[in-house]
Structures are given as C-alpha cells and as structure tokens.
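A short write-up of the structure that comes next.
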Amino acid sequence: MYPELGQLALILALLLAVLLSVVPLVGSITGRDNLQAFARPLASGMFVFIAMAFAILTHSFLIDDFSVAYVANNSNSMLPWYFKFSAVWGGHEGSLLLWILMLSGWTLAVAIFSRRLPSEMISQVLSVLGMVAVGFLLFIIITSNPFDRLLPNVPTDGTDLNPLLQDFGLIVHPPMLYMGYVGFSVAFAFAIAALINGRLDAAWARWSRPWTTVAWAFLSVGIALGSWWAYYELGWGGWWFWDPVENASLMPWLSGTALMHTLAVTEKRGVFKSWTVLLAIVTFALSLLGTFLVRSGVLTSVHAFASDPERGVFLLALLGITMFASLALYAFRAPVVHVRASYAGLSREVFLLLNNVLLVSATLLVAVGTLYPLVLDYLELGKLSIGEPFFNSTFTPLAVATALLLGAGIFSRWKKTDGGWLGRKLLWPIAVSLVASCFVVLSYGGFKPWAFIGVFSAMWIAVATAWDLWDKSSSRKGRLQGLKRQSRSYYGMVLGHLGLALTIAGATVVSNYGIERDVRMVPGDTATVGDYQFVFREIGQRQGANFTAQYGRFDVILDGERIAQLHPEKRQYPVGMSVMTEADIDAGLFRDIFVAVAERLDDRAWAIRLQYKPLIRWLWLGALVMAMGGFLAISDRRYRLRVRDEQPETKTAQPIKTDDPAGAVS
C-alpha cells in the first residue's frame with residue numbers, strides 16, 4: 001500500500017512541476033499578477049509530495065519491505081538501521097530520488113527566502129526550476145521507479161547493501177554532494193530568468209550570488225567527504241585517484257569557483273555580464289553531465305550507479321535539451337547587453353578575468369581527460385586510459401598559476417592599479433613566503449622542485465591574505481575596530497583563501513613527502529617506515545553486525561615508545577560473499593599513520609600496507625574552511641537589504657554600491 005502511495009506522490013509532484021513550469025512564466029510574460037502568485041504555492045506543493053515519496057521509500061527500508069525491488073536489491077535484515085537509512089540513496093533509483101528531493105528543497109528555499117525580489121523575476125526563476133524538476137521526475141517515473149514491486153515472489157531477505165557503502169562517510173557524502181550539484185540549478189535559473197527579462201545588472205548578480213556561494217560551499221564539503229571516505233575506506237591510502245566520477249564533481253566545482261568570482265565583479269563593477277551568464281549555464285550543465293556519467297552505465301566505478309542504456313539515453317537527451325535551449329536563449333539575448341564600465345590593464349577586474357581563464361582551462365582539461373577515452377570507446381576507435389600521470393602533469397601547473405595570480409590579485413584595486421605601487425606592495429609578502437617555503441621543504445627531508453613550488457603557492461596565498469587583512473585593519477581607533485569594520489563577505493573571502501592554502505599545502509606535502517610500503521609480515525615481525533616502527537603483534541577474529549572480521553594488532557613505536565595501537569581488519573560479508581579491507585589510522589593534525597591488511601599470503605604471512613602521511617588532514621580541513629568562508633559570506637547584511645530599484649515595474653536596476661572590499665568570496 002505505502003509504495004503505491006509513494007508512486008502516486010511522484011506523479012502528483014510531476015503534475016505540480018508542469019504547472020510550475022508554465023503558469024508563473026506565462027504570468028510574468030503577460031504581466032498577470034494572479035498567475036505569478038501561483039509560483040510559491042506550486043513550489044511548496046511539489047516539495048511536499050516529493051518529500052512524501054522519499055519518506056515512504058525510507059520507511060520501506062527501515063521495516064525491511066523486500067516486496068519493493070529496490071529495497072530487496074540494496075538492503076538486508078541484518079543491516080544496522082543507520083545503514084538501512086543511507087541505503088535509500090545507496091543505489092540508482094534512491095540516489096536519483098534524493099537528487100530530486102534536493103532540487104525541490106532548493107526550489108522551496110528560493111520561494112521562501114526571495115520574497116524581496118520582484119515578482120516577475122521570482123516567477124521566472126521558479127518556473128525554470130520547475131522545468132528542471134519535470135525532466136528528472138519524468139526520468140525517475142519512466143525509467144527508474146524506486147517503488148517497483150516483486151510480487152508475488154517476495155524474497156525472504158535482501159541481497160545487502162554494497163559493503164563499500166556501509167560506512168558513515170557514505171551517510172553524509174552523497175547528500176552534501178547533491179546539495180552542491182543541485183544548488184547550481186538556482187544560479188542557472190537566475191541566469192535564464194535574467195536573459196528572459198533582460199535584467200543583467202548588479203541587482204541580478206547580488207540576488208544570484210548567495211545561492212551560488214551556498215551551492216559551491218556544499219559541493220566543497222561533499223567532495224572533501226568523498227576524498228576522506230576513499231582514503232580510509234578503500235584501503236589504498238590515497239586521497240584522489242582522478243577517477244572519472246571524482247572528476248565529474250571536480251568540473252562543476254572549478255567552473256562554480258569561476259562563476260562566484262565573475263558574479264562578484266558583475267555586482268561590484270557591472271562588467272563580465274555575458275561571461276557570468278555563460279558560466280552559470282556551463283556550471284549547471286556540468287552538474288547534469290556528472291549525473292549522466294554516474295547513472296548512464298558508461299563508467300565502471302565504485303561510485304557509479306546503473307548500467308541500463310535506456311537511462312543513459314534519457315539523461316543525455318535531457319542534458320542536450322537543456323544545453324540547446326539555454327545556449328540558444330543566450331545567443332539571442334546576450335549580444336544586447338551593453339557594458340559602459342572601463343578598467344585598465346593592471347586592475348582587479350583583469351586579475352579576476354585571468355583567474356577565470358585559468359579555472360575554465362582547468363575545467364576543460366579535466367573534461368577532455370575524462371570524456372575523450374569514453375568517446376573513443378563509443379566510436380570503436382580503440383581504448384585509451386588517461387590516468388594520474390596525465391592529470392598531475394597538466395593540472396598542477398594550472399593550479400599553481402591560479403594560486404600565484406590569486407595572491408597578487410588580492411592587493412590590486414578596482415579600475416586601475418599603479419604598477420610601481422603593486423610591486424612594492426608584493427615585495428615583503430613574496431620574501432616572507434620564500435623563506436617560509438624553504439623552511440618547510442627542508443624540514444620534511446629535502447628540496448624537491450615541485451614540492452617547493454606547491455608549498456610556495458600555499459604560503460603565498462596565506463601570507464598575501466594575512467597581509468591584506470593587516471592593512472585593512474588599520475584604523476585610528478585601533479586594529480580591533482578596524483577588524484570590526486570589515487564586512488562578513490570580506491571575512492568569507494579570507495577564510496576561502498586560507499582554506500585553499502591549507503588544501504594546497506596538504507596536497508603538496510603528502511604527495512612529495514609521504515612514505516608508502518607494502519610488506520610481507522607474520523605476527524612478531526617489525527617493519528620501519530620513516531621514523532616509525534610497526535610491530536605486528538597478532539591476528540584475531542571478531543563478529544560484527546552483519547560481517548565477520550579478521551583483525552591485526554599493530555604497535556606503532558617512535559623513539560622507543562609506543563605511540564599508538566592499530567587494529568586494521570579484513571571483513572567478510574556472508575550475504576553478498578564480499579571481502580572488504582578496513583584500514584586503521586592514527587590521525588593527527590600534522591601526520592597520519594596508516595595500516596591496512598591486504599591479502600593472506602600463506603598460513604601465517606599477510607601482505608600489509610604501511611603509510612606515513614604528513615599534513616594529509618590539511619586537505620579536508622582546508623575544504624571545510626573554504627566552505628565556512630562561503631557560508632559566512634552569504635550572511636553579509638547586504639543580501640538581506642532591498643535593492644533600491646527592485647519594484648516590479650522597474651526594468652533596469654542601477655549598479656549598487658557594496659561594502660565588499662575584496663569583491664570575491666574565495
């Protein structure tokens with residue numbers, strides 16, 4: 001009974017999404033306020049029915065309703081309740097329903113928190129979001145129904161959730177990632193609405209900017225959680241593998257970062273309007289592309305869902321329609337945008353533009369490296385594997401150039417910057433960064449060119465940001481008063497930059513100075529990794545909730561003293577006959593000690609993976625700091641103030657003055 005109600009709720013949500021797509025849009029075009037008034041109630045109703053469907057599917061998992069095919073294929077009666085809950089999005093159908101729930105949630109949030117916007121604009125924004133919801137609701141109802149029944153042959157138990165997904169990281173990682181993916185649909189909707197009504201001005205950029213920043217912050221957290229999960233759960237000890245599905249989330253993050261910066265320039269100076277709209281379209285398209293890659297069956301990955309070609313064709317058609325329609329509208333409307341603002345060759349506008357060029361170049365590089373092998377395979381022109389060496393050798397120089405440009409751009413000024421003044425301003429930050437970088441690389445074991453360049457990039461961003469903060473805190477009333485005078489948006493930028501510096505430092509140090517050893521050990525053996533000794537004490541067994549495990553006991557010794565005892569496991573899941581490696585990690589702010597039990601070699605010997613990972617935690621700490629910067633930036637007071645020319649009858653808003661000294665969030 002309940003699954004059928006869930007199916008009905010999806011159908012009703014589809015009907016409301018169709019109405020949301022049409023009625024408010026017609027009202028905005030014809031100027032009929034009574035039709036525009038339907039936008040918010042329709043958005044609310046759509047969310048209610050989608051949430052109802054999601055709740056019914058969750059209930060089916062929690063009560064072990066194996067008459068539902070999706071539950072039978074992704075759960076088991078022995079599964080702990082919290083993994084039953086996360087199993088709702090552990091497969092294709094449920095993860096797609098979560099995607100749609102997030103979309104409806106974002107739509108409802110826009111309806112609630114955009115009451116100060118002109119009714120014409122908000123009607124068009126919600127209509128565009130309704131159109132996106134129509135596409136995905138059709139997709140889930142036609143090709144991916146999570147409520148299909150296995151009647152009358154109901155299995156007595158389920159086939160279990162993939163053991164890789166039976167982990168806390170997979171409880172929180174997909175929702176955070178989807179919040180970012182789907183959040184960019186709001187930026188896309190604002191861009192399309194601006195093209196429809198011709199309102200590409202500072203007010204539009206200010207309305208769109210907080211939604212874009214929130215989506216970017218959630219995506220940052222989602223990517224970091226995915227990297228953290230892969231690090232400790234897969235048993236390999238790596239934090240980024242350039243897996244195509246990892247790349248699918250990195251591409252919209254890169255273009256979304258560029259979009260945030262151009263929105264800042266458009267809001268502050270009224271330039272880059274057409275470029276900003278194009279970036280909003282491309283960023284959302286890359287989010288759809290990521291959805292296609294994960295759910296079309298074209299990829300084989302621990303992250304991927306589904307292998308049904310019918311689903312891939314539907315998603316590809318949806319992506320094609322979205323891109324064609326939005327780019328056609330862009331081609332028709334963008335050329336009429338006129339920019340009267342001017343700026344010199346050495347100005348903040350130019351630094352941000354160059355920053356955008358590098359970020360977009362990095363996005364294209366990742367896209368080519370990810371998609372080119374797939375296209376070759378599809379056209380039967382041979383198989384090509386593009387892996388870590390290619391991405392490291394091509395992406396790293398772009399990342400370093402972006403970091404160096406960012407540090408210099410912090411000191412630049414709007415419109416025009418005097419070259420001599422800028423050079424003098426950069427002199428001391430450069431000197432401090434060089435000295436600090438030399439100290440870091442030498443303390444970790446010796447000079448390596450790329451290690452020095454990476455550490456210098458991180459130091460350069462951090463020192464430049466701190467130096468700028470020191471300059472801006474100057475006040476006749478004291479430094480503390482000067483700090484209080486700065487806006488939340490500025491502090492959001494500071495956190496964003498410092499978080500990026502932490503991530504670059506962590507990635508550089510762990511990649512160049514980390515130590516990995518795969519050794520053969522029997523109980524009683526000792527192995528050395530760097531300054532640490534690992535003593536293999538014993539192998540034991542234990543019973544888990546739905547698995548049995550053999551675990552090793554290792555003492556980690558430094559300077560003759562035991563500093564940790566680790567218990568890595570080899571787990572057997574009897575339902576699916578799966579074997580999983582569970583590493584154990586002694587985590588610290590400045591280093592991780594990593595032990596994983598690999599394969600059994602004979603009656604007593606095991607293959608053991610031992611690793612020393614300096615500063616690896618800085619990778620994820622940096623991502624969290626960046627996200628905190630994003631959330632802080634959107635709390636800036638100007639996003640809660642009414643724009644002077646926001647009345648519905650006004651067609652053009654003048655550029656507004658902001659109190660954002662930096663003009664960027666990250």
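Within each chain, counting starts at residue 1; across the structure tokens, chains are named A, B, ... in the order shown, with ligands numbered 1 upward in that order.
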For Glu582 in chain A, find every residue with an atom within 7 Å (counting only C-alpha atoms), except residues of its own chain fewer than 5 positions away, and show them as number ranges by chain. A: 233, 235, 568-570, 596
Show me, as a list in words, the residues that have an atom within 8 Å of range 141-148 of chain A when counting only C-alpha atoms, minus same-chain residues fewer than 3 positions from it.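 So, after excluding close chain neighbours, the residues are Pro3, Glu4, Gly6, Gln7, Leu10, Ile11, Leu57, Val68, Ala69, Tyr70, His92, Glu93, Gly94, Leu97, Leu137, Leu138, Glu310 and Arg311 of chain A.
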I'd like the interatomic distance between CA of Gly560 in chain A and CA of Phe536 in chain A, to a tenth of an Å.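 It comes out at 15.6 Å.
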Expected answer as an MDAnalysis selection string: helix (DSSP H, G or I) residues in range 219-282 of chain A: chainID A and resid 219:233 244:269 273:282
Tell me which protein, DNA and RNA residues are within 12 Å of Leu358 in chain A, counting only C-alpha atoms, leaving out same-chain ones fewer than 4 positions away, and put them as a compact mmCIF listing (two decimals) with C-alpha atoms, in the first residue's frame.
```
# COMPACT_ATOMS: atom_id res chain seq x y z
CA LEU A 254 36.05 24.56 -10.81
CA SER A 255 33.55 26.33 -13.05
CA THR A 257 34.51 28.87 -8.43
CA ALA A 258 34.94 30.92 -11.59
CA PHE A 351 43.27 39.67 -12.29
CA LEU A 352 39.85 38.10 -11.77
CA LEU A 353 39.40 37.62 -15.51
CA LEU A 354 42.77 35.84 -15.79
CA ALA A 362 41.48 23.52 -15.80
CA THR A 363 37.82 22.54 -16.19
CA LEU A 364 38.31 21.86 -19.92
CA LEU A 365 41.46 19.86 -19.18
CA PHE A 395 46.53 20.18 -13.95
CA THR A 396 49.25 21.04 -11.42
CA PRO A 397 50.80 23.93 -13.43
CA LEU A 398 47.35 25.48 -13.89
CA ALA A 399 46.61 25.16 -10.18
CA VAL A 400 49.95 26.77 -9.27
CA ALA A 401 49.40 29.63 -11.75
CA THR A 402 45.93 30.23 -10.32
CA ALA A 403 47.34 30.37 -6.78
CA LEU A 404 50.11 32.79 -7.70
CA LEU A 405 47.70 35.03 -9.60
CA LEU A 406 45.26 34.95 -6.69
```
Which residues come within 7 Å of range 26-39 of chain A, counting only C-alpha atoms, excluding same-chain residues fewer than 4 positions away, as a list in words?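 Residues near the query, excluding close chain neighbours: Leu20, Val22, Ala43, Ser119, Glu120, Ser123, Gln124 and Leu126 of chain A.
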Excluding same-chain residues fewer than 6 positions from Lys448 in chain A, what lies within 12 Å of it counting only C-alpha atoms, as a ChimeraX atom specification? /A:437-438,440-442,454-456,508-509,511-513
Top pick for closest residue to Ser489 in chain A, considering A:Pro175, A:Pro210, A:Pro523, A:Gly420 and counting only C-alpha atoms: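 Using only C-alpha atoms, the shortest distance to Ser489 in chain A belongs to A:Pro210.
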Compare A:Gly312, A:Trp242, A:Leu359, A:Ser95 by their minimum atom-to-atom distance to Phe54 in chain A, counting only C-alpha atoms, and give me the closest one.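 Nearest candidate to Phe54 in chain A out of A:Gly312, A:Trp242, A:Leu359, A:Ser95: A:Ser95.
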Computed interatomic separation between CA of Val88 in chain A and CA of Ser60 in chain A (Å):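 Between these atoms lies a distance of 9.2 Å.
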I'd like to know which of A:Ala598, A:Ile386, A:Ile223, A:Val182 is closest to Leu286 in chain A, using only C-alpha atoms.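 Nearest to Leu286 in chain A: A:Val182.
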Contact residues around Val110 in chain A with only C-alpha atoms at 10 Å, ignoring same-chain residues under 4 positions, as a ChimeraX atom specification: /A:40,43,104-106,114-115,122,125-126,129,186,211
